[in-house]
$ cat my_file.txt   # compact mmCIF, C-alpha atoms
# COMPACT_ATOMS: atom_id res chain seq x y z
CA MET A 709 51.34 72.18 110.00
CA THR A 710 50.49 75.84 110.31
CA LYS A 711 48.26 77.69 107.92
CA VAL A 712 49.97 80.82 106.59
CA THR A 713 47.97 83.59 104.97
CA MET A 714 49.46 86.42 102.96
CA THR A 715 48.58 88.65 100.05
CA VAL A 716 50.12 87.45 96.80
CA ASN A 717 49.69 89.59 93.69
CA GLY A 718 46.80 91.41 95.31
CA LYS A 719 44.85 88.32 96.40
CA SER A 720 44.59 86.91 99.91
CA VAL A 721 45.90 83.34 99.82
CA SER A 722 46.62 80.57 102.32
CA ALA A 723 48.58 77.35 102.38
CA GLU A 724 49.71 74.86 105.00
CA THR A 725 53.35 75.13 106.04
CA GLU A 726 55.94 73.54 108.27
CA GLY A 727 58.44 75.72 110.14
CA ARG A 728 61.03 74.94 107.48
CA THR A 729 58.80 75.79 104.50
CA LEU A 730 60.60 78.43 102.47
CA LEU A 731 58.71 81.25 100.81
CA SER A 732 59.83 79.83 97.44
CA ALA A 733 58.24 76.47 98.33
CA TYR A 734 55.11 78.16 99.68
CA LEU A 735 54.65 79.95 96.36
CA ARG A 736 55.57 77.06 94.09
CA ASP A 737 54.20 74.03 95.92
CA GLY A 738 51.57 75.60 98.14
CA LEU A 739 50.07 78.04 95.64
CA ARG A 740 51.29 76.45 92.38
CA LEU A 741 52.80 79.78 91.35
CA THR A 742 55.74 78.19 89.58
CA GLY A 743 56.93 81.35 87.86
CA THR A 744 59.27 81.95 90.78
CA HIS A 745 62.28 79.78 89.96
CA VAL A 746 64.66 78.10 92.38
CA GLY A 747 68.02 78.13 90.66
CA CYS A 748 70.67 77.46 93.28
CA ASP A 749 68.71 77.29 96.56
CA THR A 750 71.84 78.73 98.23
CA SER A 751 71.04 82.49 98.03
CA GLN A 752 73.50 83.08 95.21
CA CYS A 753 71.61 83.24 91.93
CA GLY A 754 68.58 85.48 92.45
CA ALA A 755 66.20 83.48 90.20
CA CYS A 756 63.78 83.29 93.15
CA VAL A 757 63.58 87.04 93.86
CA VAL A 758 60.09 88.23 94.77
CA HIS A 759 58.91 91.43 96.45
CA VAL A 760 57.89 91.30 100.10
CA ASP A 761 56.17 94.51 101.18
CA GLY A 762 57.66 96.18 98.12
CA LYS A 763 61.26 95.08 98.68
CA PRO A 764 63.08 92.43 96.64
CA VAL A 765 64.18 89.38 98.65
CA LYS A 766 65.44 85.91 97.78
CA SER A 767 62.41 83.73 98.45
CA CYS A 768 64.63 80.65 98.92
CA THR A 769 66.16 82.34 101.95
CA VAL A 770 63.01 83.43 103.78
CA PHE A 771 60.70 81.21 105.81
CA ALA A 772 57.04 81.39 104.81
CA GLN A 773 55.94 81.70 108.44
CA ASP A 774 58.28 84.68 108.88
CA VAL A 775 56.37 86.66 106.24
CA ALA A 776 52.83 85.65 107.24
CA GLY A 777 50.50 88.56 106.50
CA ALA A 778 52.96 90.22 104.12
CA ASP A 779 52.17 91.71 100.74
CA VAL A 780 54.05 89.58 98.19
CA ARG A 781 54.45 90.17 94.48
CA THR A 782 55.77 87.54 92.11
CA ILE A 783 56.44 87.37 88.37
CA GLU A 784 52.81 86.26 87.91
CA GLY A 785 51.81 89.71 89.13
CA MET A 786 53.90 91.59 86.58
CA ALA A 787 51.66 91.24 83.52
CA ASN A 788 49.10 93.91 82.69
CA ALA A 789 45.48 93.42 83.77
CA ASP A 790 44.53 92.22 80.28
CA GLY A 791 47.21 89.53 80.37
CA SER A 792 49.61 91.29 78.02
CA LEU A 793 53.24 91.61 79.06
CA GLY A 794 54.13 94.37 81.50
CA VAL A 795 56.57 97.10 80.47
CA ILE A 796 59.66 95.35 81.87
CA GLN A 797 58.63 91.95 80.52
CA GLN A 798 57.98 93.45 77.08
CA ALA A 799 61.39 95.16 77.14
CA PHE A 800 63.07 91.82 77.93
CA GLN A 801 61.32 90.33 74.89
CA ASP A 802 62.07 93.29 72.63
CA HIS A 803 65.76 93.41 73.52
CA HIS A 804 66.38 89.67 73.77
CA GLY A 805 67.04 89.95 77.50
CA LEU A 806 66.68 86.21 77.90
CA GLN A 807 67.75 83.02 76.23
CA CYS A 808 66.77 80.00 78.32
CA GLY A 809 64.64 82.22 80.55
CA PHE A 810 65.35 80.48 83.82
CA CYS A 811 66.77 83.56 85.57
CA THR A 812 64.22 85.91 83.99
CA PRO A 813 61.61 85.96 86.79
CA GLY A 814 64.26 87.08 89.26
CA MET A 815 65.76 89.53 86.79
CA VAL A 816 62.37 91.13 86.14
CA MET A 817 61.55 91.37 89.85
CA SER A 818 64.92 92.93 90.65
CA ALA A 819 64.58 95.30 87.71
CA ALA A 820 61.12 96.34 88.89
CA ALA A 821 62.49 97.05 92.36
CA LEU A 822 65.32 99.11 90.88
CA LEU A 823 63.00 101.18 88.70
CA ALA A 824 60.69 101.80 91.66
CA GLU A 825 63.67 103.20 93.62
CA ASN A 826 65.45 104.84 90.72
CA PRO A 827 63.24 105.47 87.65
CA LYS A 828 66.11 106.50 85.34
CA PRO A 829 69.15 104.43 86.33
CA SER A 830 72.47 104.68 84.54
CA GLU A 831 73.93 101.58 82.91
CA HIS A 832 76.33 101.29 85.85
CA GLU A 833 73.47 101.50 88.34
CA VAL A 834 71.56 98.76 86.52
CA ARG A 835 74.58 96.47 86.51
CA HIS A 836 75.27 97.19 90.17
CA TYR A 837 71.67 96.53 91.21
CA LEU A 838 71.56 93.23 89.35
CA ASP A 839 74.67 92.07 91.22
CA GLY A 840 72.70 89.33 92.97
CA ASN A 841 71.03 87.96 89.83
CA ILE A 842 73.03 85.47 87.84
CA CYS A 843 72.37 84.63 84.18
CA ARG A 844 74.41 81.93 82.47
CA CYS A 845 73.20 82.62 78.90
CA THR A 846 73.07 86.23 77.88
CA GLY A 847 76.27 87.81 79.12
CA TYR A 848 73.97 90.38 80.77
CA HIS A 849 74.28 92.99 78.04
CA ASN A 850 70.77 92.58 76.68
CA ILE A 851 69.33 92.31 80.18
CA VAL A 852 70.88 95.67 81.07
CA LYS A 853 69.64 97.06 77.77
CA ALA A 854 66.12 95.79 78.46
CA VAL A 855 66.05 97.39 81.89
CA MET A 856 67.32 100.69 80.49
CA ALA A 857 64.67 100.53 77.77
CA ALA A 858 61.96 99.72 80.30
CA SER A 859 62.93 102.90 82.14
CA GLY A 860 62.07 104.85 78.99
CA GLN A 861 65.66 105.67 78.09
CA ASP A 862 67.09 105.54 74.60
CA VAL A 863 69.20 102.40 74.31
CA SER A 864 70.17 102.74 70.64
CA ALA A 865 73.66 103.89 71.68
CA LEU A 866 74.21 100.79 73.81
CA ALA A 867 76.13 98.72 71.30
CA ALA A 868 75.69 94.98 71.32
CA GLU A 869 78.80 93.34 72.69
CA MET B 601 66.67 70.91 106.32
CA HIS B 602 65.43 69.45 109.56
CA ASN B 603 62.06 70.73 110.68
CA PHE B 604 61.55 73.03 113.67
CA ASP B 605 58.89 75.06 115.40
CA PHE B 606 58.79 78.66 114.26
CA VAL B 607 57.88 81.45 116.66
CA LYS B 608 57.80 85.18 116.04
CA PRO B 609 57.51 87.16 119.28
CA ALA B 610 56.68 90.87 119.28
CA THR B 611 58.76 91.88 122.31
CA ILE B 612 62.31 91.32 123.56
CA ALA B 613 60.93 89.78 126.75
CA ASP B 614 58.90 87.20 124.81
CA ALA B 615 61.88 86.42 122.57
CA VAL B 616 64.14 85.80 125.55
CA LYS B 617 61.48 83.55 127.05
CA ALA B 618 61.12 81.58 123.80
CA LEU B 619 64.90 81.20 123.59
CA GLY B 620 64.83 79.42 126.93
CA ALA B 621 63.39 76.33 125.20
CA ASP B 622 65.67 73.38 124.57
CA GLY B 623 67.36 73.65 121.16
CA ALA B 624 66.05 77.15 120.52
CA GLN B 625 68.01 79.52 118.32
CA PRO B 626 67.40 83.13 117.29
CA LEU B 627 66.76 84.00 113.63
CA SER B 628 67.31 87.52 112.37
CA GLY B 629 67.52 88.16 108.63
CA GLY B 630 68.49 84.54 108.03
CA GLN B 631 70.86 85.26 105.14
CA THR B 632 73.55 83.13 106.78
CA LEU B 633 71.52 80.95 109.12
CA ILE B 634 69.05 79.64 106.52
CA PRO B 635 71.78 78.43 104.10
CA THR B 636 73.55 76.94 107.13
CA MET B 637 70.39 75.06 108.13
CA LYS B 638 69.92 73.82 104.56
CA GLN B 639 73.33 72.20 104.85
CA ARG B 640 72.31 70.77 108.22
CA LEU B 641 75.21 72.54 109.87
CA ALA B 642 72.61 73.99 112.24
CA ALA B 643 69.45 72.18 113.29
CA PRO B 644 67.51 74.16 115.90
CA THR B 645 64.33 72.61 117.24
CA VAL B 646 62.79 76.05 117.80
CA LEU B 647 63.56 79.06 115.68
CA VAL B 648 62.79 82.41 117.28
CA SER B 649 62.41 85.17 114.70
CA LEU B 650 63.60 88.55 115.99
CA THR B 651 62.42 90.64 113.06
CA GLY B 652 58.90 91.16 114.40
CA ILE B 653 60.18 93.07 117.43
CA GLY B 654 59.50 96.76 116.87
CA GLU B 655 61.76 97.92 119.73
CA MET B 656 64.73 96.28 117.96
CA LYS B 657 64.30 98.22 114.72
CA GLY B 658 65.25 101.67 113.55
CA VAL B 659 68.07 104.19 113.31
CA CYS B 660 68.23 107.34 115.46
CA MET B 661 70.66 109.70 117.18
CA GLY B 662 70.75 109.35 120.96
CA ASP B 663 73.04 109.18 123.99
CA GLY B 664 76.53 108.17 122.88
CA GLY B 665 75.91 108.50 119.16
CA LEU B 666 73.95 106.66 116.51
CA HIS B 667 71.62 103.96 117.83
CA ILE B 668 70.75 101.16 115.43
CA GLY B 669 68.23 98.50 116.39
CA ALA B 670 69.71 95.03 116.01
CA ALA B 671 66.91 93.85 113.70
CA THR B 672 67.43 96.76 111.30
CA SER B 673 68.21 95.62 107.76
CA HIS B 674 71.34 96.65 105.89
CA ALA B 675 69.17 98.49 103.35
CA VAL B 676 67.58 100.62 106.07
CA VAL B 677 70.95 101.44 107.64
CA ALA B 678 72.32 102.36 104.20
CA GLN B 679 69.49 104.83 103.80
CA GLU B 680 68.91 106.16 107.30
CA ALA B 681 72.52 106.45 108.53
CA ALA B 682 73.60 108.28 105.37
CA SER B 683 73.47 111.76 106.89
CA SER B 684 74.72 110.95 110.42
CA TYR B 685 77.44 108.37 109.67
CA PRO B 686 78.08 108.18 105.91
CA ALA B 687 80.94 105.64 106.12
CA LEU B 688 78.74 103.24 108.05
CA ALA B 689 75.86 103.75 105.61
CA ALA B 690 78.21 103.08 102.70
CA LEU B 691 79.39 99.87 104.36
CA ALA B 692 75.81 98.69 104.84
CA GLY B 693 75.00 99.55 101.23
CA GLY B 694 77.84 97.37 99.99
CA ILE B 695 76.96 94.15 101.80
CA GLY B 696 75.90 91.26 99.54
CA ASP B 697 73.37 92.40 96.96
CA PRO B 698 70.10 94.39 97.15
CA ALA B 699 67.91 91.37 98.00
CA VAL B 700 70.29 90.25 100.75
CA ARG B 701 70.42 93.80 102.15
CA ASN B 702 66.64 93.84 102.51
CA LYS B 703 66.73 90.84 104.84
CA GLY B 704 70.14 90.72 106.55
CA THR B 705 70.46 92.67 109.79
CA ILE B 706 73.24 94.32 111.77
CA GLY B 707 72.48 92.24 114.85
CA GLY B 708 72.56 89.02 112.87
CA SER B 709 75.88 89.92 111.29
CA LEU B 710 77.45 90.74 114.67
CA ALA B 711 76.06 87.67 116.43
CA ASN B 712 77.43 85.46 113.66
CA ASN B 713 80.81 87.28 113.53
CA ASP B 714 81.89 85.82 110.21
CA PRO B 715 85.62 86.55 109.82
CA ALA B 716 84.92 88.18 106.44
CA ALA B 717 81.74 90.08 107.36
CA CYS B 718 81.66 93.87 106.95
CA TYR B 719 79.89 95.11 110.10
CA PRO B 720 82.39 93.81 112.70
CA SER B 721 85.02 96.19 111.29
CA ALA B 722 82.74 99.22 111.66
CA VAL B 723 81.80 98.27 115.21
CA LEU B 724 85.41 97.71 116.25
CA ALA B 725 86.81 100.79 114.46
CA SER B 726 84.07 102.98 115.94
CA GLY B 727 84.55 101.65 119.44
CA ALA B 728 80.81 101.00 119.34
CA THR B 729 78.78 99.48 122.15
CA VAL B 730 76.87 96.25 121.59
CA VAL B 731 73.71 96.39 123.69
CA THR B 732 72.05 93.09 124.63
CA ASN B 733 68.99 92.16 126.65
CA LYS B 734 71.34 91.81 129.64
CA ARG B 735 74.19 94.34 129.37
CA LYS B 736 76.33 96.66 127.30
CA ILE B 737 79.47 95.20 125.75
CA ALA B 738 82.35 97.34 124.45
CA ALA B 739 83.43 96.43 120.92
CA ASP B 740 86.94 95.61 122.16
CA ASP B 741 85.46 92.92 124.43
CA TYR B 742 82.76 91.67 122.09
CA PHE B 743 84.70 89.97 119.25
CA GLN B 744 86.42 86.83 120.45
CA GLY B 745 87.67 85.15 117.28
CA MET B 746 86.15 83.55 114.21
CA PHE B 747 82.36 83.04 114.70
CA SER B 748 82.89 83.65 118.39
CA THR B 749 81.54 86.52 120.51
CA ALA B 750 80.99 87.55 124.12
CA LEU B 751 77.29 86.68 123.83
CA ALA B 752 76.10 84.11 126.36
CA GLU B 753 73.55 81.37 125.67
CA GLY B 754 70.13 82.92 125.15
CA GLU B 755 71.53 86.48 125.10
CA ILE B 756 70.46 88.60 122.14
CA ILE B 757 71.77 91.86 120.73
CA THR B 758 69.07 94.51 120.91
CA SER B 759 70.94 97.52 119.51
CA VAL B 760 74.35 98.94 118.66
CA ILE B 761 75.52 102.45 119.59
CA PHE B 762 78.12 104.07 117.33
CA PRO B 763 80.03 107.18 118.48
CA ILE B 764 80.21 109.47 115.44
CA PRO B 765 83.81 109.96 114.23
CA GLN B 766 85.28 113.18 112.83
CA LYS B 767 86.29 111.28 109.70
CA ALA B 768 85.85 107.70 108.59
CA ALA B 769 85.86 105.42 105.57
CA TYR B 770 85.47 101.76 104.76
CA VAL B 771 87.28 100.23 101.82
CA LYS B 772 86.44 96.69 100.84
CA PHE B 773 88.25 94.42 98.43
CA ASN B 774 85.42 92.18 97.29
CA GLN B 775 85.57 88.45 96.99
CA PRO B 776 83.48 88.62 93.82
CA ALA B 777 81.68 85.29 94.15
CA SER B 778 80.59 85.55 97.77
CA ARG B 779 80.52 89.38 97.96
CA PHE B 780 82.14 89.10 101.37
CA ALA B 781 85.36 91.00 102.03
CA LEU B 782 88.49 89.27 100.79
CA THR B 783 89.97 91.93 103.03
CA ALA B 784 88.44 95.22 104.11
CA VAL B 785 89.51 98.05 106.38
CA PHE B 786 87.46 100.54 108.40
CA VAL B 787 89.33 103.65 109.54
CA ALA B 788 87.72 106.06 112.01
CA LYS B 789 89.27 109.24 113.39
CA TYR B 790 88.06 110.46 116.78
CA ALA B 791 89.27 113.30 118.99
CA GLY B 792 91.01 110.67 121.13
CA GLY B 793 92.84 109.01 118.23
CA VAL B 794 92.42 106.89 115.13
CA ARG B 795 91.08 103.33 115.13
CA VAL B 796 91.77 100.89 112.29
CA ALA B 797 89.80 97.64 112.10
CA VAL B 798 90.47 94.91 109.56
CA THR B 799 88.08 92.19 108.46
CA GLY B 800 88.45 89.28 106.06
CA ALA B 801 92.20 88.98 106.59
CA SER B 802 92.78 87.16 109.85
CA ALA B 803 91.95 83.65 110.99
CA GLY B 804 91.13 85.28 114.32
CA GLY B 805 88.39 87.41 112.76
CA VAL B 806 88.20 91.19 112.90
CA PHE B 807 91.20 92.89 114.55
CA ARG B 808 92.68 96.31 115.21
CA TRP B 809 95.96 97.22 113.53
CA ALA B 810 97.69 98.93 116.45
CA GLU B 811 100.81 100.17 114.61
CA ALA B 812 98.71 101.90 111.97
CA GLU B 813 96.49 103.44 114.63
CA ALA B 814 99.53 104.93 116.38
CA ALA B 815 100.99 106.28 113.14
CA LEU B 816 97.69 107.71 111.91
CA SER B 817 96.85 109.27 115.25
CA SER B 818 99.88 111.55 114.92
CA ASN B 819 99.60 112.03 111.14
CA PHE B 820 96.28 111.22 109.46
CA SER B 821 97.54 110.61 105.94
CA ALA B 822 98.25 107.53 103.85
CA SER B 823 101.95 108.37 103.88
CA ALA B 824 102.03 107.86 107.66
CA ILE B 825 101.77 104.08 107.21
CA ALA B 826 104.18 103.84 104.27
CA GLY B 827 106.89 102.28 106.41
CA LEU B 828 104.62 99.81 108.18
CA SER B 829 103.70 96.28 107.22
CA ALA B 830 100.95 94.11 108.66
CA ASP B 831 102.06 90.82 110.21
CA ALA B 832 101.33 88.09 107.65
CA SER B 833 101.73 85.18 110.06
CA ASP B 834 98.19 85.52 111.43
CA MET B 835 96.53 86.08 108.04
CA ILE B 836 94.20 83.72 106.23
CA GLY B 837 95.85 82.02 103.30
CA ASP B 838 93.61 80.23 100.79
CA LEU B 839 93.03 79.84 97.06
CA HIS B 840 91.73 83.42 96.88
CA GLY B 841 94.88 84.96 98.33
CA THR B 842 98.01 84.02 100.22
CA GLN B 843 98.86 85.30 103.70
CA ALA B 844 101.33 87.78 102.22
CA TYR B 845 98.74 88.96 99.69
CA ARG B 846 96.21 89.66 102.44
CA ALA B 847 98.83 91.37 104.59
CA ASN B 848 99.61 93.64 101.67
CA LEU B 849 95.90 94.30 101.11
CA VAL B 850 95.60 95.39 104.75
CA LYS B 851 98.18 98.09 104.20
CA VAL B 852 96.95 99.18 100.77
CA LEU B 853 93.31 99.35 101.88
CA THR B 854 94.19 101.20 105.08
CA GLY B 855 95.94 103.83 102.97
CA ARG B 856 92.98 104.06 100.62
CA ALA B 857 90.56 104.35 103.53
CA VAL B 858 92.57 107.19 105.08
CA THR B 859 92.62 109.01 101.74
CA ALA B 860 88.89 108.39 101.23
CA ALA B 861 88.14 109.70 104.73
CA GLY B 862 89.96 112.90 103.79

$ encode --input "my_file.txt" --output "structure tokens"
Amino acid sequence: MTKVTMTVNGKSVSAETEGRTLLSAYLRDGLRLTGTHVGCDTSQCGACVVHVDGKPVKSCTVFAQDVAGADVRTIEGMANADGSLGVIQQAFQDHHGLQCGFCTPGMVMSAAALLAENPKPSEHEVRHYLDGNICRCTGYHNIVKAVMAASGQDVSALAAE
Amino acid sequence: MHNFDFVKPATIADAVKALGADGAQPLSGGQTLIPTMKQRLAAPTVLVSLTGIGEMKGVCMGDGGLHIGAATSHAVVAQEAASSYPALAALAGGIGDPAVRNKGTIGGSLANNDPAACYPSAVLASGATVVTNKRKIAADDYFQGMFSTALAEGEIITSVIFPIPQKAAYVKFNQPASRFALTAVFVAKYAGGVRVAVTGASAGGVFRWAEAEAALSSNFSASAIAGLSADASDMIGDLHGTQAYRANLVKVLTGRAVTAAG
């Protein structure tokens, strides 16, 4: 076992790992940060997306030891300091961007990465960026709407489909 | 997944040394290798991460064209090659999805040589040079069939050098579930002639379409290949598309790539 230390949501944390320990397992089992969901475990669904040094990655397809020392942000780091929902999270609630909620952590992390790169994305750009995040409930429309709303754009013209 | 020892060297020399261990295997972005290990189709006893090696990262112009470090992610190539080689940058920006592009690397893609991967077509169409810790390999000698390359045991790609074409474009027909190419074509026009490389279509992996190259070298327009047809006998036929369907895609996408290249 090898102790791996990294910064997660602004705090320095450590947990024991094997070579094969995935970042998703390190977060969920090692740190008990179970907000990061493992949907498919085959790199397809994007439920496990977290930020590593500011960039979204699929945490089920990264070894924990490979990102030792990195700055990691997970869904647990997306709320405001007072515990209230962050802007993107609140937009998902306001626009019904989730039903079962399983994919939501990955959706929010991908959306946050998009808005950091592109603060006012078009609907097409939102859909394109969320290409690697699969939702089996919503049909995506309200997710896209939530992300557009979180970017401060008027979404009243985006008709429900 | 079977367990293994993980090492992350900081230099090429240390990586090569670590790869000398019994059962050692290099790991780049891991976007293919990790899923493969989960299925126990690969079970290295030592995994040598190459992404901590600074000398294997980055994009810059140099002797012979655009130099891209083998451990450079698709996302970085998409951004940093945009001004010097836009068609290559566009290819990199269309691989997988954003999260995959932040981890997957050019060197990893080329070492794996998936028959439906994007990068092999750019390397072959550009007549690029694959640089390893031991030698320089011309693109025409590098690809040796599905998942097969000229790399020897323990040899790692350190960079790739792309001559900059006068015109180029990559057109990919997505397999929507996997985001790999169902078929894709990279066309590059150089002073010495046009090169056309096709990925996703052939059981032999990436290949050059010689007849189209000859026709386009004398007339660089989509109409120049109107009378040609790609040989369907060597194409992949599966539930996503028959051999004839892929052969037709080769021609259609080549025409579109020529038009897109202008």

$ closest_atom_pairs --input "my_file.txt" --of "stretch 744-783 of chain A" --to "stretch 806-823 of chain A" --cutoff "7 Å" --atoms "only C-alpha atoms" --output "Markdown table"
| residue | atom | partner | partner_atom | distance |
| --- | --- | --- | --- | --- |
| A:Thr744 | CA | A:Pro813 | CA | 6.1 |
| A:His745 | CA | A:Phe810 | CA | 6.9 |
| A:Gly754 | CA | A:Gly814 | CA | 5.6 |
| A:Ala755 | CA | A:Gly814 | CA | 4.2 |
| A:Cys756 | CA | A:Gly814 | CA | 5.5 |
| A:Val757 | CA | A:Gly814 | CA | 4.7 |
| A:Val758 | CA | A:Met817 | CA | 6.0 |
| A:Lys763 | CA | A:Ala821 | CA | 6.7 |
| A:Pro764 | CA | A:Ser818 | CA | 6.3 |
| A:Ile783 | CA | A:Pro813 | CA | 5.6 |

$ interface_residues --input "my_file.txt" --of "chain B" --to "chain A" --cutoff "7 Å" --atoms "only C-alpha atoms" --output "list in words"
Asn603, Phe604, Asp605, Phe606, Gly630, Gln631, Ile634, Pro635, Asp697, Pro698, Ala699, Val700, Asn702 and Lys703 of chain B

$ residues_around --input "my_file.txt" --residues "B:Arg846" --least-positions-apart "4" --cutoff "8 Å" --atoms "all atoms listed in the file" --output "PyMOL selection string"
chain B and resi 782-783+801+832+835-837+841-842+850

$ closest_residue --input "my_file.txt" --among "A:Asn717, A:Asp737, A:Ser864, A:Cys843" --to "A:Asn788" --atoms "all atoms listed in the file"
A:Asn717

$ atom_distance --input "my_file.txt" --atom1 "atom CA of B:Val730" --atom2 "atom CA of B:Asp663"
13.7 Å

$ residues_around --input "my_file.txt" --residues "B:Met661" --least-positions-apart "4" --cutoff "10 Å" --atoms "all atoms listed in the file" --output "VMD selection string"
chain B and resid 665 to 668 681 684 761 to 764

$ closest_residue --input "my_file.txt" --among "A:Ser830, A:Ser859, A:Ser720, A:Ser732" --to "A:Gln798" --atoms "only C-alpha atoms"
A:Ser859

$ closest_residue --input "my_file.txt" --among "A:Tyr848, A:Ala778, A:Gly743, A:Glu831" --to "A:Asp862" --atoms "only C-alpha atoms"
A:Glu831

$ atom_distance --input "my_file.txt" --atom1 "atom CA of B:Asn733" --atom2 "atom CA of B:Gly708"
14.6 Å

$ residues_around --input "my_file.txt" --residues "A:Ile796" --least-positions-apart "2" --cutoff "7 Å" --atoms "only C-alpha atoms" --output "JSON, numbers by chain"
{"A": [794, 798, 799, 800, 816, 855, 858]}

$ residues_around --input "my_file.txt" --residues "B:Gly629" --least-positions-apart "4" --cutoff "8 Å" --atoms "all atoms listed in the file" --output "VMD selection string"
chain B and resid 651 671 673 703 to 705 708

$ atom_distance --input "my_file.txt" --atom1 "atom CA of B:Ile695" --atom2 "atom CA of B:Val677"
11.1 Å
